[in-house]
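Note: the block below is work_13.tsv and it holds TSV, C-alpha atoms.
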```
chain	number	residue	atom	x	y	z
T	869	MET	CA	7.41	-21.32	-42.16
T	870	ILE	CA	9.98	-20.96	-39.38
T	871	ILE	CA	11.12	-24.10	-37.56
T	872	SER	CA	13.64	-24.67	-34.77
T	873	ILE	CA	15.50	-27.95	-35.24
T	874	LEU	CA	17.66	-29.53	-32.54
T	875	ASN	CA	18.14	-32.45	-30.18
T	876	CYS	CA	18.00	-32.45	-26.41
T	877	ASP	CA	18.73	-34.83	-23.57
T	878	ILE	CA	16.25	-35.90	-20.86
T	879	ASN	CA	16.78	-32.54	-19.10
T	880	PHE	CA	16.29	-30.49	-22.29
T	881	GLY	CA	20.06	-30.02	-22.35
T	882	ILE	CA	21.39	-29.11	-25.78
T	883	GLY	CA	25.11	-28.52	-25.53
T	884	LYS	CA	28.36	-28.07	-23.70
T	885	ARG	CA	31.64	-26.38	-24.61
T	886	ASN	CA	30.02	-24.99	-27.79
T	887	GLY	CA	29.40	-28.53	-29.05
T	888	LEU	CA	26.77	-31.22	-29.27
T	889	LEU	CA	26.11	-33.64	-26.42
T	890	PHE	CA	25.94	-36.83	-28.48
T	891	ASN	CA	27.21	-38.39	-31.70
T	892	LEU	CA	23.92	-39.37	-33.36
T	893	PRO	CA	24.29	-40.36	-37.04
T	894	LEU	CA	20.53	-40.83	-37.61
T	895	ASP	CA	19.78	-37.45	-36.09
T	896	MET	CA	22.53	-35.80	-38.17
T	897	LYS	CA	21.10	-37.44	-41.31
T	898	PHE	CA	17.62	-36.15	-40.39
T	899	PHE	CA	19.07	-32.66	-39.86
T	900	ARG	CA	20.97	-32.71	-43.18
T	901	GLU	CA	18.03	-34.03	-45.22
T	902	THR	CA	15.48	-31.75	-43.55
T	903	THR	CA	17.45	-28.50	-43.84
T	904	SER	CA	19.15	-29.08	-47.22
T	905	GLY	CA	17.94	-26.64	-49.86
T	906	HIS	CA	16.45	-24.29	-47.25
T	907	THR	CA	17.60	-21.35	-45.16
T	908	VAL	CA	19.30	-21.88	-41.80
T	909	ALA	CA	19.63	-19.12	-39.19
T	910	MET	CA	22.14	-19.21	-36.36
T	911	GLY	CA	24.30	-17.29	-33.96
T	912	GLU	CA	27.98	-16.68	-34.59
T	913	ASN	CA	29.18	-19.41	-32.18
T	914	THR	CA	27.16	-22.01	-34.06
T	915	LEU	CA	28.86	-21.04	-37.32
T	916	LEU	CA	32.26	-21.16	-35.60
T	917	SER	CA	31.52	-24.68	-34.32
T	918	PHE	CA	31.26	-26.04	-37.89
T	919	PRO	CA	34.30	-27.64	-39.57
T	920	GLY	CA	36.53	-24.80	-40.73
T	921	SER	CA	33.91	-22.33	-39.44
T	922	LYS	CA	32.35	-22.59	-42.91
T	923	PRO	CA	28.62	-22.22	-43.65
T	924	LEU	CA	26.48	-25.29	-44.30
T	925	LYS	CA	26.45	-26.32	-47.96
T	926	ASN	CA	23.27	-26.35	-50.06
T	927	ARG	CA	21.60	-23.86	-47.72
T	928	THR	CA	21.28	-20.11	-47.35
T	929	ASN	CA	23.02	-19.29	-44.04
T	930	ILE	CA	21.95	-16.29	-41.93
T	931	VAL	CA	24.37	-15.49	-39.09
T	932	LEU	CA	23.81	-13.08	-36.22
T	933	SER	CA	26.94	-11.52	-34.72
T	934	LYS	CA	26.74	-8.59	-32.33
T	935	ASP	CA	30.28	-7.60	-33.34
T	936	LEU	CA	30.03	-5.23	-36.32
T	937	ASP	CA	33.54	-6.25	-37.42
T	938	HIS	CA	32.59	-9.93	-37.75
T	939	ASN	CA	31.45	-10.63	-41.29
T	940	TYR	CA	31.75	-14.13	-42.70
T	941	GLU	CA	32.06	-15.29	-46.28
T	942	GLY	CA	29.15	-17.12	-47.85
T	943	VAL	CA	26.52	-16.03	-45.32
T	944	ILE	CA	24.01	-13.24	-44.78
T	945	ASN	CA	25.70	-11.29	-41.97
T	946	VAL	CA	23.36	-9.59	-39.48
T	947	HIS	CA	24.39	-7.52	-36.46
T	948	ASP	CA	21.08	-6.68	-34.80
T	949	PHE	CA	18.51	-9.11	-33.37
T	950	ASN	CA	15.47	-7.21	-34.72
T	951	GLU	CA	17.01	-7.21	-38.20
T	952	PHE	CA	17.78	-10.93	-37.76
T	953	ILE	CA	14.12	-11.69	-36.95
T	954	ASN	CA	12.89	-9.52	-39.84
T	955	ILE	CA	15.17	-11.29	-42.33
T	956	ILE	CA	14.03	-14.68	-41.01
T	957	LYS	CA	10.38	-13.65	-41.32
T	958	GLU	CA	10.90	-12.42	-44.90
T	959	HIS	CA	12.63	-15.65	-45.93
T	960	GLY	CA	9.94	-17.62	-44.05
T	961	LYS	CA	7.23	-16.16	-46.30
T	962	LYS	CA	8.83	-17.82	-49.34
T	963	GLU	CA	10.43	-20.94	-47.90
T	964	THR	CA	11.15	-22.83	-44.71
T	965	VAL	CA	13.74	-21.28	-42.40
T	966	PHE	CA	15.37	-23.50	-39.80
T	967	ILE	CA	16.72	-22.03	-36.57
T	968	ILE	CA	19.80	-24.11	-35.74
T	969	GLY	CA	21.29	-22.55	-32.61
T	970	GLY	CA	22.82	-21.80	-30.29
T	971	ALA	CA	20.94	-21.71	-27.02
T	972	SER	CA	20.49	-17.94	-26.93
T	973	ILE	CA	19.22	-17.86	-30.52
T	974	TYR	CA	16.81	-20.73	-29.82
T	975	ALA	CA	15.43	-18.94	-26.74
T	976	GLN	CA	15.09	-15.54	-28.41
T	977	THR	CA	13.45	-16.87	-31.58
T	978	LEU	CA	11.12	-19.38	-29.89
T	979	PRO	CA	8.08	-17.03	-29.87
T	980	TYR	CA	8.47	-16.56	-33.66
T	981	VAL	CA	8.68	-20.20	-34.77
T	982	ASP	CA	5.77	-22.14	-36.23
T	983	GLU	CA	7.14	-25.49	-35.07
T	984	VAL	CA	10.01	-27.18	-33.28
T	985	TYR	CA	11.54	-30.40	-34.60
T	986	LEU	CA	13.00	-31.81	-31.40
T	987	THR	CA	14.92	-35.06	-31.32
T	988	LYS	CA	14.56	-36.29	-27.75
T	989	VAL	CA	17.54	-38.31	-26.53
T	990	ASN	CA	16.84	-40.73	-23.70
T	991	ALA	CA	20.09	-39.98	-21.85
T	992	ASP	CA	21.71	-37.31	-19.71
T	993	GLY	CA	24.41	-35.53	-21.72
T	994	GLY	CA	25.77	-33.43	-18.86
T	995	ALA	CA	24.68	-30.25	-20.62
T	996	GLU	CA	25.79	-26.73	-19.79
T	997	VAL	CA	23.10	-25.05	-21.91
T	998	PHE	CA	19.43	-25.89	-22.14
T	999	PHE	CA	16.36	-25.48	-24.34
T	1000	PRO	CA	13.05	-24.44	-22.77
T	1001	ASN	CA	11.04	-27.47	-21.66
T	1002	LEU	CA	8.27	-27.48	-24.28
T	1003	ASP	CA	6.32	-30.10	-22.33
T	1004	LYS	CA	5.77	-27.43	-19.65
T	1005	ASN	CA	5.19	-24.53	-22.06
T	1006	GLU	CA	1.51	-23.76	-22.57
T	1007	ASN	CA	2.25	-22.12	-25.93
T	1008	PHE	CA	3.47	-25.39	-27.43
T	1009	VAL	CA	1.75	-28.71	-28.04
T	1010	CYS	CA	3.40	-31.94	-29.12
T	1011	VAL	CA	1.75	-32.99	-32.40
T	1012	ASP	CA	4.04	-35.94	-33.14
T	1013	GLU	CA	5.55	-38.10	-30.39
T	1014	GLY	CA	7.72	-40.06	-32.80
T	1015	THR	CA	8.71	-43.71	-32.55
T	1016	PRO	CA	11.60	-44.70	-30.27
T	1017	MET	CA	14.65	-45.94	-32.19
T	1018	MET	CA	18.28	-46.60	-31.45
T	1019	ASP	CA	20.95	-44.22	-32.74
T	1020	ASN	CA	24.57	-45.10	-31.94
T	1021	GLY	CA	23.42	-47.14	-28.93
T	1022	ILE	CA	21.15	-44.41	-27.52
T	1023	GLU	CA	17.36	-44.31	-27.71
T	1024	ILE	CA	16.03	-41.28	-29.59
T	1025	ARG	CA	12.63	-40.09	-30.70
T	1026	PHE	CA	11.87	-37.52	-33.44
T	1027	THR	CA	9.13	-35.27	-32.04
T	1028	ARG	CA	7.37	-32.22	-33.41
T	1029	TYR	CA	5.81	-29.34	-31.47
T	1030	LYS	CA	3.44	-26.68	-32.79
T	1031	ASN	CA	3.52	-23.10	-31.49
T	1032	LEU	CA	-0.04	-22.11	-30.54
T	1033	LYS	CA	0.80	-18.43	-30.05
T	1034	LYS	CA	3.30	-17.51	-32.75
T	1035	MET	CA	4.28	-13.84	-32.77
```
Could you show the structure in this file as structure tokens?
Amino acid sequence: MIISILNCDINFGIGKRNGLLFNLPLDMKFFRETTSGHTVAMGENTLLSFPGSKPLKNRTNIVLSKDLDHNYEGVINVHDFNEFINIIKEHGKKETVFIIGGASIYAQTLPYVDEVYLTKVNADGGAEVFFPNLDKNENFVCVDEGTPMMDNGIEIRFTRYKNLKKM
């Protein structure tokens, strides 16, 4: 199983200045609990955005960097997108793999995911980068609308989309 996991604002914005748009403790807890013990796959900038540029604990980390000289400790280093997808698919046969960013990785891997766990934030975060609008994508259907709840003073909703045409 391959799943993209992220949050977005009302415009499907997902980030700015290589960071998150909102401080959402409930969403972070959901992310931690959902991905812990599994494999996470990301681009190099996502890894670099973590504290100390260190991989996430209690997870297998796969990192795509186009720079052949960039190899990070404690991760599976990959330097080619096709190899990245093949490694994700292989891991996905045995366990759940979570795609965790950034925007380019989300966009390129979207055809390959089984589902998207999308926390919808009812606010405009002034994003610089965006996720495809799944509500307007005929290949995806929302299978769980989630219940609105407050997280750090902002309304959020945990939703889940299924990919109808997975590659």
_Quick check, in Å to one decimal: how far apart do CA of Asp982 (chain T) and CA of Glu963 (chain T) lie?_
12.6 Å
Pull the closest atom pair for each residue of region 878-941 of chain T that gets at most 9 Å from region 983-1002 of chain T, along with the distance in Å to one decimal, counting only C-alpha atoms, ordering rows by chain and then ascending residue number, as a tab-separated table.
```
residue	atom	partner	partner_atom	distance
T:Ile878	CA	T:Asn990	CA	5.6
T:Asn879	CA	T:Asp992	CA	6.9
T:Phe880	CA	T:Phe999	CA	5.4
T:Gly881	CA	T:Phe998	CA	4.2
T:Ile882	CA	T:Phe998	CA	5.2
T:Gly883	CA	T:Ala995	CA	5.2
T:Lys884	CA	T:Glu996	CA	4.9
T:Arg885	CA	T:Glu996	CA	7.6
T:Leu888	CA	T:Ala995	CA	9.0
T:Leu889	CA	T:Gly993	CA	5.3
T:Phe890	CA	T:Gly993	CA	7.1
T:Asp895	CA	T:Thr987	CA	7.2
```
*asked:* Between CA of Asn891 (chain T) and CA of Ile968 (chain T), what is the distance in Å, rounded to a tenth?
replied: 16.6 Å
*Work out how far apart CA of Met1018 (chain T) and CA of Leu894 (chain T) are and give it in Å to one decimal.*
8.7 Å
_Under the rule that all atoms listed in the file are counted, which of T:Phe952, T:Lys1034, T:Glu941, T:Lys957 is the nearest residue to Leu978 (chain T)?_
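Selected residue with least distance to Leu978 (chain T): T:Lys1034.
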Please define a box with edges along x, y and z of the file around all atoms of region 998-1003 of chain T given in the file, extend it by 6 Å on each side, and return its centre and edge lengths in Å to one decimal, as JSON.
```
{"center_x": 12.9, "center_y": -27.3, "center_z": -23.0, "size_x": 25.1, "size_y": 17.7, "size_z": 14.7}
```
_List as an MDAnalysis selection string the protein and nucleic acid residues near region 909-923 of chain T, meaning an atom at most 12 Å away when only C-alpha atoms are counted, but skip any in the same chain fewer than 4 places from it._
chainID T and resid 870:874 883:888 903 927:936 938:949 952:957 959:960 964:977 981
